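Enquirer: Attaching a single structure in structure tokens format; questions to follow.
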Amino acid sequence: ASPSDAAFQEVGCRLIRNAAACNPKCQAKVAQLGGIRAALRALSSDLAAVDSGLRALRELAAYNASNQEEIVSRSGIQIVLRAMERHPESQSIQILACGVLRNLTATSAEHQDAVLSRGGVQAVMTAMEGHPDSAEVQQAGCWAMFCLCVHNPEIHAVLAGSGVVKLALVAMERHRSEAKLQEAGLWLIKELAKELVVTSTPLAMGSMQALLKAMDKHTFVSAVQTAADGALRALTTHDRTGWVKTACLGRVGRLGRSATRTALAVISE
């Protein structure tokens, strides 16, 4: 696209995003008027237009099954993944693309399978590996992976063996003060708990340590506490040898009062 075309696409996608964000009726109407087609076209333009196009797509796909279907039917998954590949250095592009993938997959097993089959796991992992110091990229990657596998046992097995949990644990340790990243990582651990316990004791132990640290560090952040509680319960449910309880008991002396109370309550149930 020429500079003028790219600028037009950037501004147009900004208008599409703003209109779609008004309410669900506007979101549907924007799609009916060609908003999805326009946003997808922008992803082949320059960096600013790609950024704006991804923001529009993320908004159009949020909680709207019809729009999600149209995006997928128009090869939207492939186009988004290509944008990630074309702009590996851009944190913003990686974050936004993960957001689109998250919204497309959170409630659709079919879309989850489509993202998996088109290389979406590797694309998200590449983004996380390429931007280890960006808590925002790590957070977006963890959420994308969680939504890609939520309620999908077949994909659980794939992700558990892909290395993504190790990436998430490294990110959680590197960015311990980032509550939103801790929350995202904990939900991913919760979703993959069975596979972690059954197939990978080192990762399961690392996950336990990460969740206990998150509970202790973010005592007053309810979202982190809720996610940690869910992850701990999931790990405990699938533990048949008692190592989860042992790990908790071995660390409670180093946790704060609130985290200790929560951990002991879960393992005592």
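Following the order of the structure tokens, first chain is A, next is B, and so on, with residues numbered from 1 inside each chain and ligands from 1 in the order they appear.
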Do a neighbour search on segment 50-55 of chain A at 6 Å with only C-alpha atoms, toss out local chain neighbours closer than 4 positions, and write the hits as a list in words.

Expert: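 The residues satisfying every condition are Glu10, Cys13, Arg14, Ala39, Ala42, Leu43, Ile93 and Leu96 of chain A.
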
Enquirer: Suppose we keep N, CA and C atoms; can you now write the selection as a PDB file, in the first residue's frame?

Expert:
ATOM      1  N   GLU A  10      -5.114   3.077   8.531  1.00  0.00           N
ATOM      2  CA  GLU A  10      -4.907   3.262   9.970  1.00  0.00           C
ATOM      3  C   GLU A  10      -6.061   4.040  10.599  1.00  0.00           C
ATOM      4  N   CYS A  13      -9.385   2.006  10.477  1.00  0.00           N
ATOM      5  CA  CYS A  13      -9.467   0.949  11.498  1.00  0.00           C
ATOM      6  C   CYS A  13      -9.665   1.534  12.891  1.00  0.00           C
ATOM      7  N   ARG A  14      -9.109   2.707  13.114  1.00  0.00           N
ATOM      8  CA  ARG A  14      -9.333   3.366  14.398  1.00  0.00           C
ATOM      9  C   ARG A  14     -10.817   3.702  14.567  1.00  0.00           C
ATOM     10  N   ALA A  39     -10.469  -4.372   8.307  1.00  0.00           N
ATOM     11  CA  ALA A  39      -9.422  -4.564   9.306  1.00  0.00           C
ATOM     12  C   ALA A  39      -8.418  -5.627   8.861  1.00  0.00           C
ATOM     13  N   ALA A  42      -6.002  -4.232   6.350  1.00  0.00           N
ATOM     14  CA  ALA A  42      -4.998  -3.349   6.943  1.00  0.00           C
ATOM     15  C   ALA A  42      -3.787  -4.119   7.457  1.00  0.00           C
ATOM     16  N   LEU A  43      -3.966  -5.388   7.740  1.00  0.00           N
ATOM     17  CA  LEU A  43      -2.872  -6.178   8.295  1.00  0.00           C
ATOM     18  C   LEU A  43      -1.767  -6.476   7.278  1.00  0.00           C
ATOM     19  N   ILE A  93       2.444  -5.183  18.348  1.00  0.00           N
ATOM     20  CA  ILE A  93       1.834  -6.124  17.398  1.00  0.00           C
ATOM     21  C   ILE A  93       1.674  -7.495  18.040  1.00  0.00           C
ATOM     22  N   LEU A  96      -1.229  -7.306  20.646  1.00  0.00           N
ATOM     23  CA  LEU A  96      -2.540  -7.190  20.016  1.00  0.00           C
ATOM     24  C   LEU A  96      -2.940  -8.468  19.299  1.00  0.00           C
TER      25      LEU A  96
END

Enquirer: Can you pull out the residues contacting Ala234 of chain A? Cut-off 10 Å, using only C-alpha atoms, and skip same-chain residues under 5 positions away; I want them as JSON, numbers by chain.

Expert: {"A": [189, 190, 191, 192, 193, 194, 197, 228, 229, 239]}

Enquirer: Write the selection just made, keeping N, CA and C atoms, as a PDB file, in the first residue's frame?

Expert:
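New file result16.pdb:
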ATOM      1  N   ILE A 189      -1.707 -22.491  34.401  1.00  0.00           N
ATOM      2  CA  ILE A 189      -1.331 -23.633  35.241  1.00  0.00           C
ATOM      3  C   ILE A 189      -2.568 -24.417  35.655  1.00  0.00           C
ATOM      4  N   LYS A 190      -3.597 -23.707  36.044  1.00  0.00           N
ATOM      5  CA  LYS A 190      -4.838 -24.367  36.464  1.00  0.00           C
ATOM      6  C   LYS A 190      -5.401 -25.235  35.345  1.00  0.00           C
ATOM      7  N   GLU A 191      -5.405 -24.699  34.129  1.00  0.00           N
ATOM      8  CA  GLU A 191      -6.001 -25.413  33.011  1.00  0.00           C
ATOM      9  C   GLU A 191      -5.185 -26.650  32.643  1.00  0.00           C
ATOM     10  N   LEU A 192      -3.883 -26.597  32.832  1.00  0.00           N
ATOM     11  CA  LEU A 192      -3.011 -27.711  32.434  1.00  0.00           C
ATOM     12  C   LEU A 192      -2.588 -28.577  33.622  1.00  0.00           C
ATOM     13  N   ALA A 193      -3.244 -28.398  34.761  1.00  0.00           N
ATOM     14  CA  ALA A 193      -2.814 -29.056  35.997  1.00  0.00           C
ATOM     15  C   ALA A 193      -2.720 -30.577  35.855  1.00  0.00           C
ATOM     16  N   LYS A 194      -3.717 -31.194  35.269  1.00  0.00           N
ATOM     17  CA  LYS A 194      -3.712 -32.650  35.161  1.00  0.00           C
ATOM     18  C   LYS A 194      -2.496 -33.133  34.389  1.00  0.00           C
ATOM     19  N   VAL A 197       0.785 -32.686  36.418  1.00  0.00           N
ATOM     20  CA  VAL A 197       0.946 -33.641  37.514  1.00  0.00           C
ATOM     21  C   VAL A 197       1.272 -35.026  36.975  1.00  0.00           C
ATOM     22  N   ALA A 228      -4.819 -18.304  41.907  1.00  0.00           N
ATOM     23  CA  ALA A 228      -3.928 -19.194  42.647  1.00  0.00           C
ATOM     24  C   ALA A 228      -4.722 -20.295  43.354  1.00  0.00           C
ATOM     25  N   ASP A 229      -5.843 -19.925  43.925  1.00  0.00           N
ATOM     26  CA  ASP A 229      -6.711 -20.906  44.577  1.00  0.00           C
ATOM     27  C   ASP A 229      -7.169 -21.959  43.575  1.00  0.00           C
ATOM     28  N   ASP A 239      -3.336 -34.852  42.070  1.00  0.00           N
ATOM     29  CA  ASP A 239      -2.181 -35.439  42.762  1.00  0.00           C
ATOM     30  C   ASP A 239      -2.601 -36.714  43.488  1.00  0.00           C
TER      31      ASP A 239
END

Enquirer: Would you pick out the contacts of segment 171-183 of chain A at 9 Å or less, using only C-alpha atoms, so that residues sharing its chain but fewer than 5 positions from it are not included, and give the list as a count of residues only?

Expert: 26

Enquirer: Just checking: using only C-alpha atoms, which residue out of A:Val30, A:Val165, A:Val266, A:Leu47 ends up closest to Ala7 of chain A?

Expert: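 Residue with the minimum atom-to-atom distance to Ala7 of chain A: A:Leu47.
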
Enquirer: My list of candidates is A:Ala160, A:Leu196, A:Cys147, A:Leu57. Which is closest to Gly35 of chain A when distances are computed with only C-alpha atoms?

Expert: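 That would be A:Leu57, the residue with the smallest distance to Gly35 of chain A.
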
Enquirer: Which is closer to Cys149 of chain A than all the others in A:Asp5, A:Glu89, A:Glu69, A:Asp113, using only C-alpha atoms?

Expert: A:Asp113

Enquirer: Can you pull out the residues contacting Cys98 of chain A? Cut-off 7 Å, using only C-alpha atoms, and skip same-chain residues under 6 positions away; I want them as a PyMOL selection string.

Expert: chain A and resi 124+140-141+144

Enquirer: Quick one: distance from atom CA of Gly119 of chain A to atom CA of Ser162 of chain A in Å, one decimal?

Expert: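 Distance between the two atoms: 11.9 Å.
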
Enquirer: Apply DSSP to the structure's backbone, then extract all residues of segment 10-242 of chain A labelled helix (DSSP H, G or I) and return them as a ChimeraX atom specification.

Expert: /A:10-20,24-32,35-42,47-61,65-73,76-86,91-105,109-117,120-130,135-149,153-160,164-174,179-191,193-199,201-217,222-238

Enquirer: Determine, counting only C-alpha atoms, which protein, DNA and RNA residues have an atom within 10 Å of an atom of Thr236 of chain A; residues of the same chain fewer than 2 positions away are not included. Present the result as an NGL selection string.

Expert: :A and (193-194 or 197 or 230-234 or 238-245 or 266-269)

Enquirer: Nearest to Leu255 of chain A among A:Thr237, A:Asn64, A:Gln9, A:Thr219, with distances taken over only C-alpha atoms: which residue is it?

Expert: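 Counting only C-alpha atoms, the residue closest to Leu255 of chain A is A:Thr219.
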